[in-house]
file target.cif (mmCIF, C-alpha atoms)
data_run
#
loop_
_atom_site.label_atom_id
_atom_site.label_comp_id
_atom_site.auth_asym_id
_atom_site.auth_seq_id
_atom_site.Cartn_x
_atom_site.Cartn_y
_atom_site.Cartn_z
CA LEU A 1 81.10 35.57 56.93
CA ASN A 2 82.42 32.07 57.03
CA ALA A 3 79.39 29.86 57.69
CA GLY A 4 81.74 26.87 57.83
CA PRO A 5 81.05 23.28 56.98
CA VAL A 6 79.47 22.56 60.39
CA SER A 7 75.71 22.08 60.39
CA ASN A 8 75.09 19.06 62.60
CA ASP A 9 73.05 19.85 65.70
CA ARG A 10 74.25 16.66 67.32
CA ILE A 11 77.79 17.93 67.68
CA THR A 12 78.56 18.35 71.37
CA ASP A 13 79.36 21.70 72.92
CA ALA A 14 82.90 20.53 73.69
CA GLU A 15 83.53 19.67 70.03
CA LEU A 16 82.14 22.99 68.91
CA VAL A 17 84.34 24.83 71.40
CA VAL A 18 87.41 23.00 70.08
CA ARG A 19 86.47 23.92 66.51
CA ALA A 20 85.79 27.51 67.48
CA LEU A 21 89.24 27.66 69.05
CA ARG A 22 90.60 26.75 65.61
CA ARG A 23 88.87 29.84 64.26
CA ASP A 24 85.94 27.91 62.85
CA ASP A 25 83.26 30.62 62.81
CA GLY A 26 80.63 28.14 61.68
CA ALA A 27 81.11 26.15 64.89
CA PHE A 28 80.87 29.25 67.05
CA ARG A 29 77.75 30.32 65.20
CA ILE A 30 76.09 27.01 66.11
CA LEU A 31 76.91 27.68 69.77
CA VAL A 32 75.34 31.14 69.49
CA GLU A 33 72.19 29.71 67.93
CA ARG A 34 72.06 26.91 70.50
CA TYR A 35 72.27 29.23 73.53
CA GLU A 36 70.64 32.37 72.16
CA SER A 37 67.37 31.66 73.99
CA THR A 38 69.16 30.92 77.28
CA VAL A 39 70.99 34.23 77.16
CA ALA A 40 67.86 36.07 75.98
CA SER A 41 65.85 34.77 78.91
CA THR A 42 68.41 36.02 81.42
CA VAL A 43 69.23 39.33 79.78
CA ILE A 44 65.67 40.29 78.84
CA GLY A 45 64.49 39.14 82.29
CA MET A 46 67.01 41.52 83.83
CA LEU A 47 66.78 44.48 81.44
CA GLY A 48 63.46 44.09 79.68
CA PRO A 49 63.10 43.72 75.92
CA SER A 50 65.20 46.55 74.51
CA ASP A 51 68.14 47.40 72.27
CA GLU A 52 70.25 47.47 75.41
CA ALA A 53 69.28 43.85 76.14
CA ASP A 54 70.16 42.85 72.58
CA ASP A 55 73.51 44.59 72.95
CA VAL A 56 74.23 42.86 76.27
CA GLY A 57 73.24 39.55 74.68
CA GLN A 58 75.73 40.09 71.85
CA GLU A 59 78.39 41.16 74.33
CA THR A 60 77.81 37.94 76.29
CA PHE A 61 78.78 35.85 73.28
CA ILE A 62 81.66 38.14 72.34
CA ARG A 63 83.10 37.81 75.87
CA PHE A 64 82.68 34.06 75.60
CA HIS A 65 84.46 34.08 72.22
CA ARG A 66 87.35 36.04 73.73
CA SER A 67 87.61 33.63 76.65
CA LEU A 68 87.24 30.39 74.70
CA LYS A 69 90.74 29.33 75.74
CA LYS A 70 89.82 29.80 79.39
CA TYR A 71 86.67 27.68 79.17
CA ARG A 72 87.61 24.35 80.72
CA GLY A 73 84.18 22.79 80.65
CA GLU A 74 83.91 22.52 84.46
CA ALA A 75 80.55 24.27 84.39
CA SER A 76 78.02 23.47 81.68
CA LEU A 77 78.12 25.95 78.83
CA LYS A 78 74.59 27.04 79.72
CA THR A 79 75.64 27.95 83.27
CA TYR A 80 78.86 29.55 82.02
CA LEU A 81 77.02 31.77 79.55
CA THR A 82 74.33 32.62 82.10
CA ARG A 83 77.04 33.74 84.51
CA ILE A 84 78.49 36.09 81.88
CA ALA A 85 74.99 37.30 80.92
CA ILE A 86 73.92 38.04 84.49
CA ASN A 87 77.16 39.90 85.28
CA LEU A 88 76.87 42.02 82.14
CA SER A 89 73.20 42.68 82.92
CA LEU A 90 74.06 43.81 86.45
CA ASN A 91 76.72 46.12 84.99
CA ALA A 92 74.16 47.49 82.54
CA LEU A 93 71.72 48.15 85.40
CA LYS A 94 74.49 49.94 87.28
CA ARG A 95 75.22 52.10 84.23
CA ARG A 96 71.50 52.75 83.79
CA ARG A 97 71.20 53.85 87.42
CA THR A 98 74.23 56.12 87.15
CA LEU A 99 72.75 57.68 84.04
CA ILE A 100 69.39 58.25 85.72
CA GLU A 101 71.04 59.71 88.83
CA ARG A 102 73.01 62.08 86.63
CA PHE A 103 69.92 63.44 84.94
CA VAL A 104 67.43 63.44 87.82
CA SER A 105 67.53 66.77 89.63
CA ARG A 106 68.56 66.92 93.27
CA ASP A 107 65.08 67.68 94.59
CA GLN A 108 63.79 64.48 93.05
CA THR A 109 66.45 62.19 94.40
CA ASP A 110 64.52 61.37 97.56
CA ALA A 111 61.80 59.78 95.47
CA PRO A 112 62.40 56.26 94.18
CA LEU A 113 64.32 56.29 90.93
CA PRO A 114 62.10 55.50 87.98
CA GLU A 115 62.90 52.36 86.06
CA PRO A 116 62.80 52.70 82.29
CA ALA A 117 59.58 51.44 80.80
CA LEU A 118 59.65 47.79 79.83
CA ASN A 119 58.48 47.51 76.26
CA GLY A 120 56.51 50.71 76.58
CA VAL A 121 54.69 49.68 79.75
CA THR A 122 54.75 52.32 82.46
CA ALA A 123 51.80 51.43 84.66
CA VAL A 124 51.69 48.52 87.04
CA ASP A 125 48.01 47.97 86.31
CA SER A 126 48.81 46.97 82.75
CA ARG A 127 46.22 44.81 81.01
CA GLU A 128 48.76 42.29 80.01
CA THR A 129 49.72 40.17 83.01
CA GLU A 130 53.06 39.19 81.55
CA GLU A 131 53.97 42.82 80.99
CA ALA A 132 52.88 43.56 84.54
CA VAL A 133 55.15 40.80 85.80
CA ARG A 134 58.07 42.11 83.77
CA HIS A 135 57.41 45.59 85.00
CA ALA A 136 57.15 44.43 88.62
CA ILE A 137 60.47 42.59 88.28
CA GLY A 138 61.90 45.80 86.85
CA GLN A 139 61.02 47.54 90.11
CA LEU A 140 63.25 45.21 92.13
CA SER A 141 66.80 46.03 93.07
CA PRO A 142 69.37 44.40 90.76
CA LYS A 143 70.38 41.72 93.26
CA HIS A 144 66.77 40.78 93.99
CA ARG A 145 65.96 40.88 90.30
CA ALA A 146 68.86 38.53 89.56
CA VAL A 147 67.62 35.81 91.93
CA ILE A 148 64.05 36.08 90.65
CA VAL A 149 65.17 35.83 87.02
CA LEU A 150 67.56 32.94 87.58
CA ARG A 151 65.48 30.95 90.05
CA MET A 152 61.93 31.66 88.94
CA ILE A 153 62.15 32.44 85.23
CA ASP A 154 65.26 30.65 83.99
CA GLY A 155 64.46 27.66 86.20
CA TYR A 156 67.84 27.16 87.84
CA SER A 157 67.82 25.46 91.24
CA THR A 158 68.70 27.47 94.32
CA LYS A 159 72.16 25.87 94.36
CA GLU A 160 72.76 26.64 90.68
CA THR A 161 71.57 30.21 91.22
CA ALA A 162 74.00 30.50 94.12
CA ASP A 163 76.85 29.15 91.94
CA ILE A 164 76.07 31.52 89.09
CA LEU A 165 75.93 34.56 91.38
CA GLY A 166 78.82 33.41 93.56
CA ILE A 167 76.83 33.70 96.79
CA PRO A 168 75.73 31.13 99.40
CA ALA A 169 72.44 29.28 98.86
CA GLY A 170 71.11 30.79 102.08
CA THR A 171 71.63 34.26 100.67
CA VAL A 172 69.74 33.27 97.52
CA LEU A 173 66.79 32.17 99.67
CA SER A 174 66.78 35.31 101.81
CA ARG A 175 66.97 37.51 98.68
CA LEU A 176 64.18 35.49 97.12
CA ALA A 177 62.05 35.96 100.22
CA ARG A 178 62.59 39.73 100.14
CA ALA A 179 61.98 39.88 96.40
CA MET A 180 58.72 37.95 96.77
CA GLU A 181 57.66 40.32 99.53
CA ALA A 182 58.33 43.24 97.21
CA LEU A 183 56.48 41.61 94.31
CA LYS A 184 53.43 40.73 96.38
CA PRO A 185 51.81 44.20 96.46
CA LEU A 186 52.77 44.87 92.84
CA LEU A 187 51.16 41.70 91.53
CA SER A 188 48.45 41.04 94.09
CA ASN A 189 45.65 41.70 91.58
CA HIS A 190 47.17 39.38 89.04
CA VAL A 191 47.81 36.65 91.60
CA ASP A 192 44.16 36.84 92.61
CA ASP A 193 43.13 36.67 88.94
CA HIS A 194 45.44 33.76 88.41
CA ASP A 195 44.15 31.92 91.46
CA ALA A 196 40.56 32.56 90.43
CA MET B 1 55.60 34.66 111.55
CA THR B 2 59.34 34.38 112.10
CA PRO B 3 61.92 34.83 109.29
CA ASP B 4 62.74 31.11 109.60
CA GLU B 5 59.10 30.22 109.07
CA ARG B 6 58.91 32.54 106.06
CA GLU B 7 61.98 30.86 104.57
CA LEU B 8 60.38 27.48 105.22
CA LEU B 9 57.26 28.56 103.33
CA LEU B 10 59.41 29.86 100.49
CA LYS B 11 61.24 26.54 100.26
CA ALA B 12 57.88 24.78 100.24
CA SER B 13 56.65 26.97 97.38
CA LEU B 14 59.89 26.21 95.50
CA ASP B 15 59.53 22.51 96.25
CA GLU B 16 63.03 22.38 97.73
CA MET B 17 62.61 20.85 101.16
CA THR B 18 64.52 18.25 103.11
CA PRO B 19 62.51 15.60 105.00
CA ASP B 20 63.12 17.50 108.25
CA GLU B 21 61.84 20.73 106.69
CA SER B 22 58.75 18.91 105.40
CA ARG B 23 58.01 17.78 108.95
CA ARG B 24 58.49 21.32 110.27
CA LEU B 25 56.18 22.63 107.56
CA ARG B 26 53.44 20.17 108.49
CA GLU B 27 53.70 21.28 112.11
CA LEU B 28 53.61 24.95 111.11
CA LEU B 29 50.56 24.51 108.90
CA GLN B 30 48.72 22.71 111.70
CA ARG B 31 49.70 25.34 114.23
CA ASP B 32 49.21 28.53 112.18
CA PRO B 33 46.27 28.89 109.74
CA GLU B 34 47.82 32.11 108.41
CA ALA B 35 50.81 30.08 107.22
CA LYS B 36 48.60 28.05 104.91
CA SER B 37 47.17 31.11 103.15
CA GLU B 38 50.66 32.64 102.97
CA LEU B 39 51.95 29.47 101.32
CA GLU B 40 49.14 29.62 98.77
CA ARG B 41 49.93 33.27 98.03
CA LEU B 42 53.59 32.41 97.53
CA LYS B 43 52.75 29.53 95.24
CA GLY B 44 50.43 31.76 93.21
CA LEU B 45 53.07 34.44 92.91
CA GLU B 46 55.77 31.96 91.97
CA SER B 47 53.53 30.39 89.35
CA LEU B 48 52.71 33.82 87.94
CA VAL B 49 56.37 34.82 87.64
CA ALA B 50 57.37 31.44 86.24
CA ARG B 51 54.71 31.77 83.52
CA THR B 52 56.56 34.73 82.04
CA PRO B 53 56.75 33.87 78.34
CA GLU B 54 60.07 32.89 76.85
CA ALA B 55 61.97 35.97 75.82
CA SER B 56 63.82 36.15 72.54
CA PHE B 57 66.08 38.59 70.76
CA GLU B 58 65.20 40.27 67.49
CA PRO B 59 65.71 38.05 64.39
CA TYR B 60 69.23 37.52 62.98
CA PHE B 61 70.80 37.74 66.42
CA ALA B 62 73.50 35.21 65.49
CA ASN B 63 74.36 37.28 62.40
CA ARG B 64 74.85 40.36 64.53
CA VAL B 65 77.10 38.49 66.94
CA MET B 66 79.22 37.02 64.13
CA GLN B 67 79.53 40.42 62.44
CA ARG B 68 80.77 41.98 65.67
CA ILE B 69 83.27 39.18 66.15
CA GLN B 70 84.50 39.65 62.59
CA ALA B 71 84.78 43.42 63.04
CA GLU B 72 86.61 42.99 66.32
CA ARG B 73 89.01 40.53 64.74
CA GLU B 74 89.82 42.96 61.92
CA THR B 75 90.45 45.92 64.18
CA SER B 76 92.28 44.17 66.97
CA PRO B 77 95.98 45.08 67.45
CA THR B 78 96.92 41.47 67.02
CA ALA B 79 95.23 41.28 63.62
CA LEU B 80 98.41 42.39 61.75
CA ALA B 81 100.55 39.92 63.69
CA ASP B 82 98.01 37.19 63.01
CA ASN B 83 97.95 37.98 59.30
CA LEU B 84 101.76 37.97 59.14
CA ALA B 85 101.84 34.68 61.00
CA ARG B 86 99.31 33.19 58.59
CA MET B 87 101.36 34.45 55.62
CA PHE B 88 104.50 32.98 57.18
CA TYR B 89 102.87 29.57 57.61
CA ARG B 90 101.72 29.64 53.97
CA LEU B 91 105.10 30.67 52.54
CA ALA B 92 107.37 28.72 54.89
CA PRO B 93 107.04 25.32 53.13
CA ALA B 94 107.74 26.85 49.70
CA ALA B 95 110.74 28.78 51.06
CA ALA B 96 112.10 25.65 52.74
CA LEU B 97 111.73 23.66 49.51
CA LEU B 98 113.52 26.37 47.51
CA ALA B 99 116.38 26.39 50.02
CA VAL B 100 116.74 22.62 49.79
CA VAL B 101 116.83 22.78 45.96
CA LEU B 102 119.48 25.50 45.98
CA PHE B 103 121.58 23.62 48.53
CA ALA B 104 121.30 20.43 46.49
CA PHE B 105 122.25 22.28 43.32
CA GLY B 106 125.34 23.76 44.99
CA ALA B 107 126.34 20.45 46.50
CA VAL B 108 125.98 18.54 43.22
CA ASN B 109 127.91 21.13 41.20
CA ARG B 110 130.93 21.12 43.45
CA SER B 111 133.72 22.85 41.53
CA ASP B 112 136.59 21.76 43.71
CA ASP B 113 137.05 18.46 45.53
CA SER B 114 138.84 20.21 48.37
CA GLN B 115 135.74 22.32 48.98
CA SER B 116 133.60 21.22 51.87
CA LEU B 117 130.02 20.11 51.26
CA LEU B 118 128.61 23.06 53.21
CA GLU B 119 130.72 25.55 51.27
CA SER B 120 129.67 24.14 47.95
CA ALA B 121 126.03 23.96 49.03
CA LEU B 122 126.18 27.61 50.05
CA GLY B 123 128.02 28.48 46.79
CA LEU B 124 131.14 29.72 48.56
CA GLN B 125 134.49 29.71 46.79
CA THR B 126 137.47 28.06 48.43
CA VAL B 127 139.90 30.69 49.57
CA THR B 128 143.31 29.77 50.93
CA LEU B 129 145.22 31.96 53.33
CA ASP B 130 147.77 32.86 50.63
CA GLU B 131 145.06 33.82 48.19
CA ALA B 132 143.42 35.95 50.79
CA PHE B 133 146.57 38.06 51.24
CA THR B 134 147.56 38.21 47.58
CA PHE B 135 147.10 41.64 46.08
CA ASP B 136 144.58 41.34 43.31
CA ALA B 137 145.94 43.81 40.81
CA THR B 138 143.11 43.35 38.39
CA TYR B 139 140.54 44.15 41.09
CA TYR B 140 142.28 47.34 42.11
CA ALA B 141 143.49 48.20 38.61
CA ILE B 142 143.62 51.88 37.90
CA GLU B 143 143.42 52.96 34.34
CA ALA B 144 146.58 54.59 33.21
CA GLU B 145 146.07 58.17 32.34
CA ALA B 146 146.41 58.98 28.68
CA PRO B 147 149.77 60.65 27.97
CA ASP B 148 149.75 64.37 27.51
CA VAL B 149 149.85 64.80 23.75
CA GLU B 150 149.92 68.59 23.81
CA GLY B 151 152.65 70.11 21.64
CA GLU B 152 153.30 66.98 19.70
CA ASP B 153 152.86 68.73 16.46
#
call {"tool": "encode", "arguments": {"input": "target.cif", "output": "structure tokens"}}
result
Amino acid sequence: LNAGPVSNDRITDAELVVRALRRDDGAFRILVERYESTVASTVIGMLGPSDEADDVGQETFIRFHRSLKKYRGEASLKTYLTRIAINLSLNALKRRRTLIERFVSRDQTDAPLPEPALNGVTAVDSRETEEAVRHAIGQLSPKHRAVIVLRMIDGYSTKETADILGIPAGTVLSRLARAMEALKPLLSNHVDDHDA
Amino acid sequence: MTPDERELLLKASLDEMTPDESRRLRELLQRDPEAKSELERLKGLESLVARTPEASFEPYFANRVMQRIQAERETSPTALADNLARMFYRLAPAAALLAVVLFAFGAVNRSDDSQSLLESALGLQTVTLDEAFTFDATYYAIEAEAPDVEGED
């Protein structure tokens, strides 16, 4: 692959986008490396560490590559990529749910649908607190999960979270409140440990 | 606790309050001791979630992305058109130069002064109306059949 002559980390995103538009793969590669952790945080926060998350992460950058011409720079590249990542993650969760519904027998459908294990963790009372947190987030509905990941983990403000998800800030807060309510019983032991 | 009060506590735990909301929070905390413990629980939970370690993809993520982009580029329906366009852009200057040389050669070697510059550049012969309608016997010449020599002896 063409690594290109570009290697300077000081080059702005806008310059790299212009170069990438001229089919400079080296420039696009720098953008991927620069925002890989941003996309990973969102996608892995939503889907858990898995091949699926890696695939969605790749797809995020491929979609961005396809839409380079449309990127006008109104939103920061970080926000723009996060928007793509969160939408693709929500789609992946929808597909995952459809798949589970297809294979779970009718007599089990009244029970809550099991979320796939996050990195092999299946029990809430996991020893590792961070795995417990990931698992607890995995129990949330996709829309509640999205606000928790963006607002609490990725560190976007409520307004930025609202912009990324295309919903009012008030809705972000009400979803956050519900998500926190749902997380409370799942993480109560860990919160107590943390407080102590 | 009302939903409004819960939202106020959430905003307090997120540190996103307006001055008016800060005043309302102070009043709530003075009025309701349960609100204070709820706020502490929320802060603890938020801190716990926020401490989630930074996630990262498997190594060589950028390589995988670039390989997929390359593969997509090669298999896309526009790839052939793109390749042809690239070839055109490479060959076009050479073709233009060749055309200019040939035109110049034709123009310089004008055989007939009555011939226009364009005709000579394009290597066209001057043809008058009379010449056009003159039967060219040599062009349509038919070889005369050999005489029948049978019985000559």
call {"tool": "interface_residues", "arguments": {"input": "target.cif", "of": "chain A", "to": "chain B", "cutoff": "9 Å", "atoms": "all atoms listed in the file", "output": "ChimeraX atom specification"}}
result
/A:1,25,28-30,32-33,36-45,49-50,53-54,57-59,61-62,65,129-131,133-134,137,148-149,151-155,157-158,173-174,176-177,180,183-184,187-188,190-192,194-195
call {"tool": "residues_around", "arguments": {"input": "target.cif", "residues": "region 95-111 of chain B", "least_positions_apart": "4", "cutoff": "8 Å", "atoms": "only C-alpha atoms", "output": "NGL selection string"}}
result
:B and (91 or 115 or 117-118 or 120-123)
call {"tool": "resolve_selection", "arguments": {"input": "target.cif", "expression": "the PyMOL selection byres ((chain A and resi 82-97) around 9)", "output": "PDB file with C-alpha atoms, keeping the file's coordinate frame"}}
result
ATOM      1  CA  THR A  38      69.160  30.920  77.280  1.00  0.00           C
ATOM      2  CA  VAL A  39      70.990  34.230  77.160  1.00  0.00           C
ATOM      3  CA  ALA A  40      67.860  36.070  75.980  1.00  0.00           C
ATOM      4  CA  THR A  42      68.410  36.020  81.420  1.00  0.00           C
ATOM      5  CA  VAL A  43      69.230  39.330  79.780  1.00  0.00           C
ATOM      6  CA  ILE A  44      65.670  40.290  78.840  1.00  0.00           C
ATOM      7  CA  MET A  46      67.010  41.520  83.830  1.00  0.00           C
ATOM      8  CA  LEU A  47      66.780  44.480  81.440  1.00  0.00           C
ATOM      9  CA  GLU A  52      70.250  47.470  75.410  1.00  0.00           C
ATOM     10  CA  ALA A  53      69.280  43.850  76.140  1.00  0.00           C
ATOM     11  CA  VAL A  56      74.230  42.860  76.270  1.00  0.00           C
ATOM     12  CA  GLY A  57      73.240  39.550  74.680  1.00  0.00           C
ATOM     13  CA  GLU A  59      78.390  41.160  74.330  1.00  0.00           C
ATOM     14  CA  THR A  60      77.810  37.940  76.290  1.00  0.00           C
ATOM     15  CA  PHE A  61      78.780  35.850  73.280  1.00  0.00           C
ATOM     16  CA  ARG A  63      83.100  37.810  75.870  1.00  0.00           C
ATOM     17  CA  PHE A  64      82.680  34.060  75.600  1.00  0.00           C
ATOM     18  CA  LEU A  77      78.120  25.950  78.830  1.00  0.00           C
ATOM     19  CA  LYS A  78      74.590  27.040  79.720  1.00  0.00           C
ATOM     20  CA  THR A  79      75.640  27.950  83.270  1.00  0.00           C
ATOM     21  CA  TYR A  80      78.860  29.550  82.020  1.00  0.00           C
ATOM     22  CA  LEU A  81      77.020  31.770  79.550  1.00  0.00           C
ATOM     23  CA  THR A  98      74.230  56.120  87.150  1.00  0.00           C
ATOM     24  CA  LEU A  99      72.750  57.680  84.040  1.00  0.00           C
ATOM     25  CA  ILE A 100      69.390  58.250  85.720  1.00  0.00           C
ATOM     26  CA  GLU A 101      71.040  59.710  88.830  1.00  0.00           C
ATOM     27  CA  ARG A 102      73.010  62.080  86.630  1.00  0.00           C
ATOM     28  CA  LEU A 113      64.320  56.290  90.930  1.00  0.00           C
ATOM     29  CA  GLU A 115      62.900  52.360  86.060  1.00  0.00           C
ATOM     30  CA  PRO A 116      62.800  52.700  82.290  1.00  0.00           C
ATOM     31  CA  PRO A 142      69.370  44.400  90.760  1.00  0.00           C
ATOM     32  CA  LYS A 143      70.380  41.720  93.260  1.00  0.00           C
ATOM     33  CA  ALA A 146      68.860  38.530  89.560  1.00  0.00           C
ATOM     34  CA  LEU A 150      67.560  32.940  87.580  1.00  0.00           C
ATOM     35  CA  ASP A 163      76.850  29.150  91.940  1.00  0.00           C
ATOM     36  CA  ILE A 164      76.070  31.520  89.090  1.00  0.00           C
ATOM     37  CA  LEU A 165      75.930  34.560  91.380  1.00  0.00           C
TER      38      LEU A 165
END
call {"tool": "atom_distance", "arguments": {"input": "target.cif", "atom1": "CA of Ala35 (chain B)", "atom2": "CA of Leu186 (chain A)"}}
result
20.7 Å
call {"tool": "atom_distance", "arguments": {"input": "target.cif", "atom1": "CA of Glu74 (chain A)", "atom2": "CA of Leu31 (chain A)"}}
result
17.1 Å
call {"tool": "atom_distance", "arguments": {"input": "target.cif", "atom1": "CA of Val147 (chain A)", "atom2": "CA of Pro168 (chain A)"}}
result
12.0 Å
call {"tool": "closest_residue", "arguments": {"input": "target.cif", "among": "B:Ser114, B:Met17, B:Thr75, B:Leu25", "to": "Thr126 (chain B)", "atoms": "only C-alpha atoms"}}
result
B:Ser114
call {"tool": "axis_aligned_box", "arguments": {"input": "target.cif", "around": "region 161-170 of chain A", "padding_each_side": "8 Å", "output": "lines of an AutoDock Vina configuration file"}}
result
center_x = 75.0
center_y = 31.9
center_z = 95.6
size_x = 23.7
size_y = 21.4
size_z = 29.0
call {"tool": "closest_residue", "arguments": {"input": "target.cif", "among": "A:Asp51, A:Ser67, A:Ser76, A:Arg145", "to": "Thr12 (chain A)", "atoms": "all atoms listed in the file"}}
result
A:Ser76
call {"tool": "residues_around", "arguments": {"input": "target.cif", "residues": "Leu68 (chain A)", "least_positions_apart": "6", "cutoff": "9 Å", "atoms": "only C-alpha atoms", "output": "PyMOL selection string"}}
result
chain A and resi 17-18+20-21
